[in-house]
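Colleague: Contents of model-v1.cif (mmCIF, C-alpha atoms and all ligand atoms) are given next:
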data_run
loop_
_atom_site.group_PDB
_atom_site.id
_atom_site.type_symbol
_atom_site.label_atom_id
_atom_site.label_comp_id
_atom_site.auth_asym_id
_atom_site.auth_seq_id
_atom_site.Cartn_x
_atom_site.Cartn_y
_atom_site.Cartn_z
ATOM 1 C CA MET A 9 -129.467 -73.970 -98.436
ATOM 2 C CA ILE A 10 -125.991 -75.460 -98.694
ATOM 3 C CA THR A 11 -124.171 -75.863 -102.015
ATOM 4 C CA VAL A 12 -122.158 -79.056 -102.415
ATOM 5 C CA LEU A 13 -119.638 -79.002 -105.259
ATOM 6 C CA GLY A 14 -118.760 -82.420 -106.652
ATOM 7 C CA ALA A 15 -122.014 -83.846 -105.326
ATOM 8 C CA THR A 16 -121.794 -86.925 -107.572
ATOM 9 C CA GLY A 17 -118.291 -87.801 -106.346
ATOM 10 C CA ASN A 18 -116.783 -89.694 -103.405
ATOM 11 C CA THR A 19 -116.775 -87.014 -100.729
ATOM 12 C CA GLY A 20 -119.395 -84.629 -102.133
ATOM 13 C CA GLY A 21 -121.867 -87.489 -102.577
ATOM 14 C CA ARG A 22 -121.538 -88.388 -98.919
ATOM 15 C CA VAL A 23 -121.789 -84.749 -97.819
ATOM 16 C CA ALA A 24 -124.973 -84.228 -99.861
ATOM 17 C CA GLN A 25 -126.481 -87.478 -98.549
ATOM 18 C CA ARG A 26 -125.699 -86.670 -94.933
ATOM 19 C CA LEU A 27 -127.078 -83.126 -95.185
ATOM 20 C CA ALA A 28 -130.259 -84.298 -96.938
ATOM 21 C CA GLU A 29 -130.784 -86.953 -94.240
ATOM 22 C CA ALA A 30 -130.584 -84.162 -91.661
ATOM 23 C CA GLY A 31 -133.283 -82.214 -93.495
ATOM 24 C CA VAL A 32 -130.950 -79.568 -94.909
ATOM 25 C CA GLU A 33 -131.757 -78.177 -98.340
ATOM 26 C CA VAL A 34 -128.868 -79.124 -100.651
ATOM 27 C CA ARG A 35 -127.864 -77.779 -104.048
ATOM 28 C CA GLY A 36 -125.702 -80.550 -105.484
ATOM 29 C CA VAL A 37 -123.457 -79.277 -108.242
ATOM 30 C CA SER A 38 -121.274 -80.991 -110.845
ATOM 31 C CA ARG A 39 -120.940 -81.073 -114.641
ATOM 32 C CA ARG A 40 -123.511 -83.852 -114.897
ATOM 33 C CA GLY A 41 -125.948 -82.677 -112.265
ATOM 34 C CA PRO A 42 -128.157 -82.644 -110.227
ATOM 35 C CA VAL A 43 -127.467 -78.892 -110.749
ATOM 36 C CA GLN A 44 -125.098 -78.645 -113.711
ATOM 37 C CA ALA A 45 -122.183 -76.232 -113.641
ATOM 38 C CA ASP A 46 -118.566 -76.440 -114.740
ATOM 39 C CA ALA A 47 -115.958 -75.468 -112.160
ATOM 40 C CA THR A 48 -113.943 -73.628 -114.828
ATOM 41 C CA ASP A 49 -116.861 -71.177 -115.387
ATOM 42 C CA ARG A 50 -116.899 -68.216 -112.956
ATOM 43 C CA GLU A 51 -120.480 -67.136 -113.711
ATOM 44 C CA ALA A 52 -121.724 -70.704 -113.373
ATOM 45 C CA MET A 53 -119.909 -70.986 -110.023
ATOM 46 C CA ALA A 54 -121.415 -67.691 -108.804
ATOM 47 C CA ARG A 55 -124.883 -68.998 -109.711
ATOM 48 C CA ALA A 56 -124.142 -72.319 -108.038
ATOM 49 C CA PHE A 57 -123.248 -70.568 -104.754
ATOM 50 C CA ASP A 58 -125.863 -67.808 -104.973
ATOM 51 C CA GLY A 59 -128.043 -67.740 -101.862
ATOM 52 C CA ALA A 60 -126.063 -70.453 -100.069
ATOM 53 C CA GLU A 61 -125.567 -70.104 -96.316
ATOM 54 C CA ALA A 62 -122.581 -72.446 -96.603
ATOM 55 C CA ALA A 63 -120.696 -74.494 -99.187
ATOM 56 C CA TYR A 64 -118.608 -77.641 -99.534
ATOM 57 C CA VAL A 65 -115.973 -77.201 -102.225
ATOM 58 C CA LEU A 66 -113.219 -79.289 -103.762
ATOM 59 C CA LEU A 67 -110.872 -79.061 -106.724
ATOM 60 C CA PRO A 68 -111.837 -81.974 -108.968
ATOM 61 C CA LEU A 69 -108.877 -83.933 -110.351
ATOM 62 C CA SER A 70 -108.336 -83.172 -114.028
ATOM 63 C CA LEU A 71 -105.944 -85.932 -115.028
ATOM 64 C CA PHE A 72 -106.628 -85.868 -118.744
ATOM 65 C CA GLU A 73 -106.523 -82.091 -119.229
ATOM 66 C CA VAL A 74 -103.473 -80.693 -120.975
ATOM 67 C CA GLY A 75 -101.529 -78.689 -118.375
ATOM 68 C CA TYR A 76 -102.721 -80.136 -115.056
ATOM 69 C CA HIS A 77 -101.796 -77.251 -112.779
ATOM 70 C CA ALA A 78 -103.015 -74.555 -115.180
ATOM 71 C CA HIS A 79 -106.395 -76.292 -115.349
ATOM 72 C CA GLN A 80 -106.517 -76.708 -111.569
ATOM 73 C CA ASP A 81 -105.743 -72.993 -111.192
ATOM 74 C CA ARG A 82 -108.533 -72.123 -113.622
ATOM 75 C CA MET A 83 -111.049 -74.115 -111.594
ATOM 76 C CA GLY A 84 -109.671 -72.810 -108.308
ATOM 77 C CA GLU A 85 -110.023 -69.210 -109.426
ATOM 78 C CA ALA A 86 -113.576 -69.705 -110.737
ATOM 79 C CA ILE A 87 -114.651 -71.464 -107.526
ATOM 80 C CA THR A 88 -113.082 -68.795 -105.308
ATOM 81 C CA GLU A 89 -114.513 -65.902 -107.300
ATOM 82 C CA GLY A 90 -117.907 -67.610 -107.416
ATOM 83 C CA LEU A 91 -117.889 -67.902 -103.615
ATOM 84 C CA ARG A 92 -116.774 -64.274 -103.306
ATOM 85 C CA ALA A 93 -119.476 -63.003 -105.683
ATOM 86 C CA ALA A 94 -122.165 -64.954 -103.826
ATOM 87 C CA GLY A 95 -120.828 -63.843 -100.423
ATOM 88 C CA VAL A 96 -121.024 -67.342 -98.934
ATOM 89 C CA PRO A 97 -120.254 -66.902 -95.224
ATOM 90 C CA TYR A 98 -119.034 -70.437 -94.343
ATOM 91 C CA VAL A 99 -116.948 -72.726 -96.550
ATOM 92 C CA VAL A 100 -115.641 -76.235 -95.937
ATOM 93 C CA ALA A 101 -112.880 -76.939 -98.462
ATOM 94 C CA LEU A 102 -111.390 -80.343 -99.248
ATOM 95 C CA SER A 103 -107.618 -80.078 -99.328
ATOM 96 C CA SER A 104 -104.900 -82.606 -98.414
ATOM 97 C CA LEU A 105 -102.065 -83.373 -96.074
ATOM 98 C CA GLY A 106 -99.055 -81.663 -97.659
ATOM 99 C CA ALA A 107 -101.070 -78.611 -98.741
ATOM 100 C CA GLU A 108 -99.016 -76.477 -96.374
ATOM 101 C CA LEU A 109 -96.064 -76.865 -98.767
ATOM 102 C CA PRO A 110 -95.845 -74.656 -101.876
ATOM 103 C CA SER A 111 -93.949 -77.130 -104.073
ATOM 104 C CA GLY A 112 -92.395 -80.573 -104.341
ATOM 105 C CA THR A 113 -95.641 -82.431 -103.613
ATOM 106 C CA GLY A 114 -96.878 -83.302 -107.126
ATOM 107 C CA PHE A 115 -100.664 -83.040 -107.461
ATOM 108 C CA LEU A 116 -100.943 -81.547 -103.976
ATOM 109 C CA THR A 117 -99.351 -78.266 -105.043
ATOM 110 C CA SER A 118 -102.641 -77.186 -106.611
ATOM 111 C CA LEU A 119 -104.323 -77.674 -103.227
ATOM 112 C CA HIS A 120 -101.745 -75.411 -101.562
ATOM 113 C CA ARG A 121 -102.579 -72.751 -104.131
ATOM 114 C CA GLN A 122 -106.311 -73.258 -103.599
ATOM 115 C CA GLU A 123 -105.994 -72.886 -99.826
ATOM 116 C CA GLN A 124 -104.163 -69.605 -100.408
ATOM 117 C CA ARG A 125 -106.878 -68.355 -102.773
ATOM 118 C CA LEU A 126 -109.746 -69.326 -100.509
ATOM 119 C CA ALA A 127 -108.018 -67.626 -97.562
ATOM 120 C CA THR A 128 -108.593 -64.285 -99.327
ATOM 121 C CA LEU A 129 -112.368 -64.685 -98.903
ATOM 122 C CA ASP A 130 -114.291 -62.782 -96.292
ATOM 123 C CA ALA A 131 -115.733 -66.054 -94.974
ATOM 124 C CA ASP A 132 -115.271 -68.533 -92.160
ATOM 125 C CA LEU A 133 -113.169 -71.357 -93.600
ATOM 126 C CA LEU A 134 -112.507 -74.950 -92.620
ATOM 127 C CA PHE A 135 -109.768 -76.727 -94.583
ATOM 128 C CA LEU A 136 -109.988 -80.501 -94.456
ATOM 129 C CA ARG A 137 -106.588 -82.118 -94.927
ATOM 130 C CA PRO A 138 -107.135 -85.845 -95.391
ATOM 131 C CA GLY A 139 -104.540 -88.532 -95.929
ATOM 132 C CA LEU A 140 -104.457 -90.859 -98.930
ATOM 133 C CA PHE A 141 -107.946 -92.037 -99.894
ATOM 134 C CA PHE A 142 -108.615 -95.792 -99.839
ATOM 135 C CA GLU A 143 -110.526 -94.959 -103.022
ATOM 136 C CA SER A 144 -107.264 -94.063 -104.747
ATOM 137 C CA PHE A 145 -106.778 -97.829 -105.264
ATOM 138 C CA LEU A 146 -110.023 -98.089 -107.259
ATOM 139 C CA PRO A 147 -108.718 -96.999 -110.686
ATOM 140 C CA GLY A 148 -106.241 -99.895 -110.499
ATOM 141 C CA LEU A 149 -108.706 -102.400 -109.054
ATOM 142 C CA GLU A 150 -109.305 -104.298 -112.286
ATOM 143 C CA GLY A 151 -105.560 -104.882 -112.706
ATOM 144 C CA ILE A 152 -105.197 -105.787 -109.027
ATOM 145 C CA ARG A 153 -107.999 -108.354 -109.343
ATOM 146 C CA ALA A 154 -106.580 -109.788 -112.571
ATOM 147 C CA THR A 155 -102.990 -110.127 -111.357
ATOM 148 C CA GLY A 156 -103.202 -110.064 -107.569
ATOM 149 C CA VAL A 157 -100.466 -107.413 -107.543
ATOM 150 C CA HIS A 158 -100.495 -103.645 -107.073
ATOM 151 C CA HIS A 159 -97.554 -101.728 -108.564
ATOM 152 C CA ASP A 160 -96.383 -98.255 -107.558
ATOM 153 C CA THR A 161 -93.246 -96.336 -106.570
ATOM 154 C CA ILE A 162 -94.115 -95.787 -102.897
ATOM 155 C CA ASP A 163 -91.701 -97.287 -100.358
ATOM 156 C CA PRO A 164 -93.405 -100.408 -98.916
ATOM 157 C CA GLU A 165 -91.995 -99.650 -95.451
ATOM 158 C CA VAL A 166 -93.522 -96.167 -95.188
ATOM 159 C CA ARG A 167 -96.624 -95.836 -93.028
ATOM 160 C CA LEU A 168 -98.978 -93.296 -94.583
ATOM 161 C CA PRO A 169 -102.097 -91.688 -93.152
ATOM 162 C CA MET A 170 -105.090 -93.071 -95.061
ATOM 163 C CA VAL A 171 -108.832 -92.556 -94.888
ATOM 164 C CA ALA A 172 -112.182 -93.643 -96.356
ATOM 165 C CA THR A 173 -113.855 -90.849 -98.327
ATOM 166 C CA ARG A 174 -117.205 -91.516 -96.655
ATOM 167 C CA ASP A 175 -115.587 -90.520 -93.357
ATOM 168 C CA ILE A 176 -114.355 -87.274 -94.921
ATOM 169 C CA GLY A 177 -117.921 -86.613 -96.053
ATOM 170 C CA ASP A 178 -119.169 -87.222 -92.519
ATOM 171 C CA VAL A 179 -116.660 -84.767 -91.037
ATOM 172 C CA ALA A 180 -117.596 -82.136 -93.619
ATOM 173 C CA ALA A 181 -121.340 -82.636 -93.155
ATOM 174 C CA ALA A 182 -121.035 -82.368 -89.369
ATOM 175 C CA ALA A 183 -119.195 -79.051 -89.709
ATOM 176 C CA LEU A 184 -121.723 -77.719 -92.223
ATOM 177 C CA ARG A 185 -124.721 -78.811 -90.153
ATOM 178 C CA GLY A 186 -123.731 -77.058 -87.018
ATOM 179 C CA GLY A 187 -120.195 -77.218 -85.710
ATOM 180 C CA ARG A 188 -119.012 -74.529 -88.113
ATOM 181 C CA ASP A 189 -115.406 -75.227 -87.084
ATOM 182 C CA THR A 190 -112.749 -73.134 -88.768
ATOM 183 C CA GLY A 191 -109.025 -73.571 -89.430
ATOM 184 C CA VAL A 192 -107.311 -76.790 -90.499
ATOM 185 C CA ARG A 193 -108.679 -80.255 -89.638
ATOM 186 C CA GLU A 194 -106.654 -83.336 -90.506
ATOM 187 C CA VAL A 195 -108.824 -86.281 -91.570
ATOM 188 C CA ILE A 196 -106.996 -89.543 -90.965
ATOM 189 C CA GLY A 197 -108.298 -93.048 -90.344
ATOM 190 C CA GLN A 198 -105.216 -95.242 -90.114
ATOM 191 C CA GLU A 199 -101.475 -95.020 -90.581
ATOM 192 C CA ILE A 200 -100.626 -98.082 -92.644
ATOM 193 C CA THR A 201 -98.250 -99.168 -95.393
ATOM 194 C CA ILE A 202 -99.249 -99.722 -99.018
ATOM 195 C CA PRO A 203 -98.710 -103.517 -98.636
ATOM 196 C CA GLN A 204 -101.122 -103.480 -95.659
ATOM 197 C CA ALA A 205 -103.685 -101.487 -97.626
ATOM 198 C CA VAL A 206 -103.638 -103.686 -100.730
ATOM 199 C CA ALA A 207 -103.695 -106.840 -98.576
ATOM 200 C CA ALA A 208 -107.277 -105.837 -97.716
ATOM 201 C CA LEU A 209 -108.003 -106.071 -101.441
ATOM 202 C CA GLY A 210 -106.479 -109.557 -101.519
ATOM 203 C CA ALA A 211 -103.340 -108.311 -103.290
ATOM 204 C CA THR A 212 -99.624 -108.030 -102.745
ATOM 205 C CA TYR A 213 -97.543 -104.942 -103.424
ATOM 206 C CA GLN A 214 -94.572 -104.580 -105.722
ATOM 207 C CA ARG A 215 -92.506 -101.421 -105.732
ATOM 208 C CA ILE A 216 -91.334 -100.591 -109.236
ATOM 209 C CA PRO A 217 -88.789 -98.032 -110.510
ATOM 210 C CA ASP A 218 -89.985 -94.563 -111.531
ATOM 211 C CA ALA A 219 -89.164 -95.276 -115.186
ATOM 212 C CA ALA A 220 -91.382 -98.376 -115.237
ATOM 213 C CA LEU A 221 -94.362 -96.487 -113.800
ATOM 214 C CA GLN A 222 -93.752 -93.607 -116.164
ATOM 215 C CA ALA A 223 -93.805 -95.961 -119.170
ATOM 216 C CA ALA A 224 -97.016 -97.646 -117.957
ATOM 217 C CA PHE A 225 -98.794 -94.318 -117.372
ATOM 218 C CA LEU A 226 -97.778 -92.913 -120.738
ATOM 219 C CA GLN A 227 -98.937 -96.107 -122.416
ATOM 220 C CA ALA A 228 -102.282 -95.736 -120.631
ATOM 221 C CA GLY A 229 -102.646 -92.294 -122.251
ATOM 222 C CA LEU A 230 -101.934 -90.090 -119.225
ATOM 223 C CA PRO A 231 -100.284 -86.762 -120.078
ATOM 224 C CA ALA A 232 -96.541 -86.470 -119.363
ATOM 225 C CA ASP A 233 -97.016 -83.779 -116.694
ATOM 226 C CA VAL A 234 -99.566 -85.894 -114.803
ATOM 227 C CA THR A 235 -97.114 -88.802 -114.839
ATOM 228 C CA GLU A 236 -94.379 -86.536 -113.442
ATOM 229 C CA LEU A 237 -96.736 -85.175 -110.763
ATOM 230 C CA HIS A 238 -97.637 -88.697 -109.627
ATOM 231 C CA LEU A 239 -93.945 -89.582 -109.279
ATOM 232 C CA GLU A 240 -93.229 -86.327 -107.429
ATOM 233 C CA MET A 241 -96.126 -86.948 -105.032
ATOM 234 C CA ASN A 242 -94.885 -90.475 -104.331
ATOM 235 C CA ALA A 243 -91.359 -89.148 -103.700
ATOM 236 C CA PHE A 244 -92.951 -86.741 -101.212
ATOM 237 C CA PHE A 245 -94.739 -89.668 -99.506
ATOM 238 C CA ASN A 246 -91.393 -91.520 -99.336
ATOM 239 C CA SER A 247 -89.635 -88.557 -97.735
ATOM 240 C CA ASP A 248 -89.655 -87.055 -94.255
ATOM 241 C CA ARG A 249 -91.254 -83.905 -95.691
ATOM 242 C CA ILE A 250 -94.755 -85.353 -95.240
ATOM 243 C CA ALA A 251 -95.948 -84.394 -91.785
ATOM 244 C CA TRP A 252 -99.132 -84.380 -89.774
ATOM 245 C CA ARG A 253 -100.068 -83.359 -86.254
ATOM 246 C CA GLY A 254 -102.098 -86.472 -85.605
ATOM 247 C CA THR A 255 -104.082 -84.748 -82.861
ATOM 248 C CA ASP A 256 -107.486 -84.499 -84.566
ATOM 249 C CA PRO A 257 -109.930 -87.339 -83.826
ATOM 250 C CA ARG A 258 -109.366 -90.438 -85.994
ATOM 251 C CA THR A 259 -112.080 -91.425 -88.445
ATOM 252 C CA PRO A 260 -113.651 -94.846 -87.895
ATOM 253 C CA THR A 261 -113.536 -96.851 -91.158
ATOM 254 C CA THR A 262 -110.639 -99.327 -91.437
ATOM 255 C CA VAL A 263 -109.260 -100.423 -94.788
ATOM 256 C CA GLU A 264 -110.641 -103.921 -94.128
ATOM 257 C CA GLN A 265 -114.164 -102.549 -93.544
ATOM 258 C CA TRP A 266 -113.833 -100.402 -96.645
ATOM 259 C CA ALA A 267 -112.659 -103.341 -98.773
ATOM 260 C CA GLN A 268 -115.414 -105.570 -97.396
ATOM 261 C CA ALA A 269 -118.080 -103.034 -98.381
ATOM 262 C CA LEU A 270 -116.559 -103.118 -101.861
ATOM 263 C CA GLY A 271 -116.973 -106.868 -102.029
ATOM 264 C CA ALA A 272 -113.222 -107.426 -101.925
ATOM 265 C CA PRO A 273 -111.535 -110.265 -100.050
ATOM 266 C CA VAL A 274 -109.986 -109.266 -96.733
HETATM 267 N N1 LIG A 301 -107.095 -89.507 -103.922
HETATM 268 C C1 LIG A 301 -106.521 -89.157 -102.783
HETATM 269 O O1 LIG A 301 -105.891 -89.971 -102.127
HETATM 270 C C2 LIG A 301 -106.655 -87.738 -102.286
HETATM 271 C C3 LIG A 301 -106.062 -87.380 -101.078
HETATM 272 C C4 LIG A 301 -106.217 -86.068 -100.598
HETATM 273 C C5 LIG A 301 -106.958 -85.151 -101.343
HETATM 274 N N2 LIG A 301 -107.509 -85.541 -102.528
HETATM 275 C C6 LIG A 301 -108.286 -84.550 -103.277
HETATM 276 O O2 LIG A 301 -109.646 -84.928 -103.254
HETATM 277 C C7 LIG A 301 -110.304 -84.297 -104.359
HETATM 278 C C8 LIG A 301 -111.232 -85.291 -105.034
HETATM 279 O O3 LIG A 301 -112.323 -85.544 -104.164
HETATM 280 P P1 LIG A 301 -113.387 -86.695 -104.453
HETATM 281 O O4 LIG A 301 -112.684 -88.015 -104.454
HETATM 282 O O5 LIG A 301 -114.533 -86.497 -103.554
HETATM 283 O O6 LIG A 301 -113.816 -86.348 -105.938
HETATM 284 P P2 LIG A 301 -114.327 -87.351 -107.079
HETATM 285 O O7 LIG A 301 -114.971 -88.567 -106.506
HETATM 286 O O8 LIG A 301 -113.210 -87.509 -108.053
HETATM 287 O O9 LIG A 301 -115.480 -86.497 -107.724
HETATM 288 C C9 LIG A 301 -115.270 -85.291 -108.393
HETATM 289 C C10 LIG A 301 -116.591 -84.553 -108.414
HETATM 290 O O10 LIG A 301 -116.403 -83.309 -109.063
HETATM 291 C C11 LIG A 301 -117.234 -83.248 -110.230
HETATM 292 N N3 LIG A 301 -116.458 -82.559 -111.267
HETATM 293 C C12 LIG A 301 -115.389 -83.007 -111.952
HETATM 294 N N4 LIG A 301 -114.946 -82.073 -112.796
HETATM 295 C C13 LIG A 301 -115.771 -80.996 -112.644
HETATM 296 C C14 LIG A 301 -115.850 -79.720 -113.243
HETATM 297 N N5 LIG A 301 -114.980 -79.335 -114.204
HETATM 298 N N6 LIG A 301 -116.827 -78.889 -112.851
HETATM 299 C C15 LIG A 301 -117.731 -79.248 -111.900
HETATM 300 N N7 LIG A 301 -117.707 -80.437 -111.302
HETATM 301 C C16 LIG A 301 -116.731 -81.310 -111.664
HETATM 302 C C17 LIG A 301 -117.583 -84.686 -110.574
HETATM 303 O O11 LIG A 301 -118.826 -84.808 -111.209
HETATM 304 P P3 LIG A 301 -119.036 -84.605 -112.804
HETATM 305 O O12 LIG A 301 -118.149 -85.595 -113.461
HETATM 306 O O13 LIG A 301 -120.504 -84.807 -112.966
HETATM 307 O O14 LIG A 301 -118.643 -83.199 -113.106
HETATM 308 C C18 LIG A 301 -117.679 -85.285 -109.174
HETATM 309 O O15 LIG A 301 -118.935 -84.964 -108.599
HETATM 310 C C19 LIG A 301 -109.203 -83.763 -105.254
HETATM 311 O O16 LIG A 301 -109.050 -82.381 -105.021
HETATM 312 C C20 LIG A 301 -107.972 -84.490 -104.754
HETATM 313 O O17 LIG A 301 -106.794 -83.764 -105.008
HETATM 314 C C21 LIG A 301 -107.389 -86.802 -102.994
#
Now that the file is in, can you turn its structure into structure tokens?
Modeller:
Amino acid sequence: MITVLGATGNTGGRVAQRLAEAGVEVRGVSRRGPVQADATDREAMARAFDGAEAAYVLLPLSLFEVGYHAHQDRMGEAITEGLRAAGVPYVVALSSLGAELPSGTGFLTSLHRQEQRLATLDADLLFLRPGLFFESFLPGLEGIRATGVHHDTIDPEVRLPMVATRDIGDVAAAALRGGRDTGVREVIGQEITIPQAVAALGATYQRIPDAALQAAFLQAGLPADVTELHLEMNAFFNSDRIAWRGTDPRTPTTVEQWAQALGAPV
């Protein structure tokens, strides 16, 4: 049996589907089922991982919690201690490019801390470090469709590694089913600019100043620290501090294929 945390989400859903198709018994865990457990609850995490021969884990985003990093740490500790208590021997953990850096990466800092925590386990570990998800454009899709414009603070000239989450799920499922690779695996589909990515959604891109994005996020009800973390992450993307080896096999889905499957113009 393999436990999949976040089994109703982008990557976990694909992992669970792929494993089930291969005849593997899956325990899909999230707050709303199939097996219900909250990632902040150590005992619930230990039960979720109990008896598992392997696990797929992630740190769910918690954008509306007060104190983003403190909440991420709480989940990260409960997940790690749950895995330790259950003695799960093989763990595939979703992380991110940039997780090698301890600070200055916005949201990604919590993934650095989670990699460090998980590394204390007596288990074989595979850290998946994907680029920016194509799915990260989805929360803004309604606005993009209404106005034909995507706004953000990322430099339009910067080529960023991006990936479809279904491809991340496929990489994770393959490792869990048999490869049992360990170490760090980058998961990158394409290196493209934000204007190229949003063009697949039929939109153009407009870079806006930090203050304008900050005002829009605060108006949308996002906590101040989350707004700051988004800006810090974008500044990281705009800098030469973001780095990747680029030697792991590329994933297949292009942004155009992804957008087409979404029913978006390409
Ligand atoms: N967006 C990007 O470009 C990007 C890039 C690199 C890495 N990442 C990382 O990718 C991760 C997100 O992966 P994803 O897109 O597959 O996730 P997702 O689609 O946002 O799904 C999150 C999953 O976790 C569950 N969940 C949320 N809060 C929970 C809690 N407190 N306890 C238990 N389950 C909970 C959700 O289900 P319920 O609601 O039912 O609980 C859902 O199944 C994050 O760690 C993010 O930092 C993102």
Colleague: Looking at all atoms listed in the file, which of A:Met170, A:Ile10, A:Leu230, A:Ala181 is the one that sits closest to Ser70 in chain A?
Modeller: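 Comparing A:Met170, A:Ile10, A:Leu230, A:Ala181 against Ser70 in chain A, the winner is A:Leu230.
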Colleague: Give me the residues within 10 Å of range 95-100 of chain A as a PyMOL selection string, counting only C-alpha atoms and dropping any in the same chain fewer than 2 places off.
Modeller: chain A and resi 10-12+54+57-66+89-93+102-103+126+129-136+179-181+183-184+188-192
Colleague: Spell out the residues picked by the PyMOL selection byres (((chain A and resi 106) around 9) and not hetatm) here, as number ranges by chain.
Modeller: A: 103-105, 107-110, 113, 116-117, 119-120, 137, 139, 244, 249-252
Colleague: Restricted to C-alpha atoms, what would the selected residues look like written as an mmCIF file, in the coordinates of the input?
Modeller:
data_model
loop_
_atom_site.group_PDB
_atom_site.id
_atom_site.type_symbol
_atom_site.label_atom_id
_atom_site.label_comp_id
_atom_site.auth_asym_id
_atom_site.auth_seq_id
_atom_site.Cartn_x
_atom_site.Cartn_y
_atom_site.Cartn_z
ATOM 1 C CA SER A 103 -107.618 -80.078 -99.328
ATOM 2 C CA SER A 104 -104.900 -82.606 -98.414
ATOM 3 C CA LEU A 105 -102.065 -83.373 -96.074
ATOM 4 C CA ALA A 107 -101.070 -78.611 -98.741
ATOM 5 C CA GLU A 108 -99.016 -76.477 -96.374
ATOM 6 C CA LEU A 109 -96.064 -76.865 -98.767
ATOM 7 C CA PRO A 110 -95.845 -74.656 -101.876
ATOM 8 C CA THR A 113 -95.641 -82.431 -103.613
ATOM 9 C CA LEU A 116 -100.943 -81.547 -103.976
ATOM 10 C CA THR A 117 -99.351 -78.266 -105.043
ATOM 11 C CA LEU A 119 -104.323 -77.674 -103.227
ATOM 12 C CA HIS A 120 -101.745 -75.411 -101.562
ATOM 13 C CA ARG A 137 -106.588 -82.118 -94.927
ATOM 14 C CA GLY A 139 -104.540 -88.532 -95.929
ATOM 15 C CA PHE A 244 -92.951 -86.741 -101.212
ATOM 16 C CA ARG A 249 -91.254 -83.905 -95.691
ATOM 17 C CA ILE A 250 -94.755 -85.353 -95.240
ATOM 18 C CA ALA A 251 -95.948 -84.394 -91.785
ATOM 19 C CA TRP A 252 -99.132 -84.380 -89.774
#
Colleague: List the neighbours of range 33-37 of chain A out to 9 Å using all atoms listed in the file; skip same-chain residues closer than 4 positions along the sequence, and give me the result as a list in words.
Modeller: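 Contacts, with the query itself left out: Met9, Ile10, Thr11, Val12, Leu13, Gly14, Ala15, Thr16, Gly20, Gly21, Ala24, Gln25, Leu27, Ala28, Gly41, Pro42, Val43, Gln44, Ala45, Asp46, Ala56, Phe57 and Ala60 of chain A.
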Colleague: Hey, can you spit out that residue selection with C-alpha atoms as an mmCIF file, in the frame of the given file?
Modeller:
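Output saved as result_34.cif:
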data_model
loop_
_atom_site.group_PDB
_atom_site.id
_atom_site.type_symbol
_atom_site.label_atom_id
_atom_site.label_comp_id
_atom_site.auth_asym_id
_atom_site.auth_seq_id
_atom_site.Cartn_x
_atom_site.Cartn_y
_atom_site.Cartn_z
ATOM 1 C CA MET A 9 -129.467 -73.970 -98.436
ATOM 2 C CA ILE A 10 -125.991 -75.460 -98.694
ATOM 3 C CA THR A 11 -124.171 -75.863 -102.015
ATOM 4 C CA VAL A 12 -122.158 -79.056 -102.415
ATOM 5 C CA LEU A 13 -119.638 -79.002 -105.259
ATOM 6 C CA GLY A 14 -118.760 -82.420 -106.652
ATOM 7 C CA ALA A 15 -122.014 -83.846 -105.326
ATOM 8 C CA THR A 16 -121.794 -86.925 -107.572
ATOM 9 C CA GLY A 20 -119.395 -84.629 -102.133
ATOM 10 C CA GLY A 21 -121.867 -87.489 -102.577
ATOM 11 C CA ALA A 24 -124.973 -84.228 -99.861
ATOM 12 C CA GLN A 25 -126.481 -87.478 -98.549
ATOM 13 C CA LEU A 27 -127.078 -83.126 -95.185
ATOM 14 C CA ALA A 28 -130.259 -84.298 -96.938
ATOM 15 C CA GLY A 41 -125.948 -82.677 -112.265
ATOM 16 C CA PRO A 42 -128.157 -82.644 -110.227
ATOM 17 C CA VAL A 43 -127.467 -78.892 -110.749
ATOM 18 C CA GLN A 44 -125.098 -78.645 -113.711
ATOM 19 C CA ALA A 45 -122.183 -76.232 -113.641
ATOM 20 C CA ASP A 46 -118.566 -76.440 -114.740
ATOM 21 C CA ALA A 56 -124.142 -72.319 -108.038
ATOM 22 C CA PHE A 57 -123.248 -70.568 -104.754
ATOM 23 C CA ALA A 60 -126.063 -70.453 -100.069
#
Colleague: Name the residues captured by the PyMOL selection byres (((chain A and resi 260) around 8) and not hetatm) when it is applied to the shown file; answer as a PyMOL selection string.
Modeller: chain A and resi 175+197+258-259+261-262
Colleague: Just checking: using only C-alpha atoms, which residue out of A:Thr48, A:Ser118, A:Thr161, A:Gln222 ends up closest to Ala243 in chain A?
Modeller: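 Closest to Ala243 in chain A, using only C-alpha atoms: A:Thr161.
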Colleague: In Å, with one decimal, what is the gap from CA of Val32 in chain A to CA of Asn18 in chain A?
Modeller: 19.4 Å
Colleague: Under the rule that only C-alpha atoms are counted, which of A:Arg174, A:Arg193, A:Arg253, A:Arg185 is the nearest residue to Gly31 in chain A?
Modeller: A:Arg185
Colleague: A:Ala172, A:Val74, A:Ala267, A:Gly177: which is nearest Thr235 in chain A, counting only C-alpha atoms?
Modeller: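 Comparing A:Ala172, A:Val74, A:Ala267, A:Gly177 against Thr235 in chain A, the winner is A:Val74.
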Colleague: Env of Asp49 in chain A: 8 Å cut, atoms = only C-alpha atoms, seq-sep filter 4 positions within chain, self excluded. Answer as JSON, numbers by chain.
Modeller: {"A": [45, 53, 83, 86]}
Colleague: The PyMOL selection byres (((chain A and resi 217) around 10) and not hetatm) on the file shown: which residues, as a list in words?
Modeller: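 That expression, the PyMOL selection byres (((chain A and resi 217) around 10) and not hetatm), corresponds here to His159, Asp160, Thr161, Ile162, Gln214, Arg215, Ile216, Asp218, Ala219, Ala220, Leu221, Gln222 and Leu239 of chain A.
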Colleague: At what distance in Å, to one decimal, does CA of Leu140 in chain A lie from CA of Glu85 in chain A?
Modeller: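 Value for the CA of Glu85 in chain A-CA of Leu140 in chain A distance: 24.7 Å.
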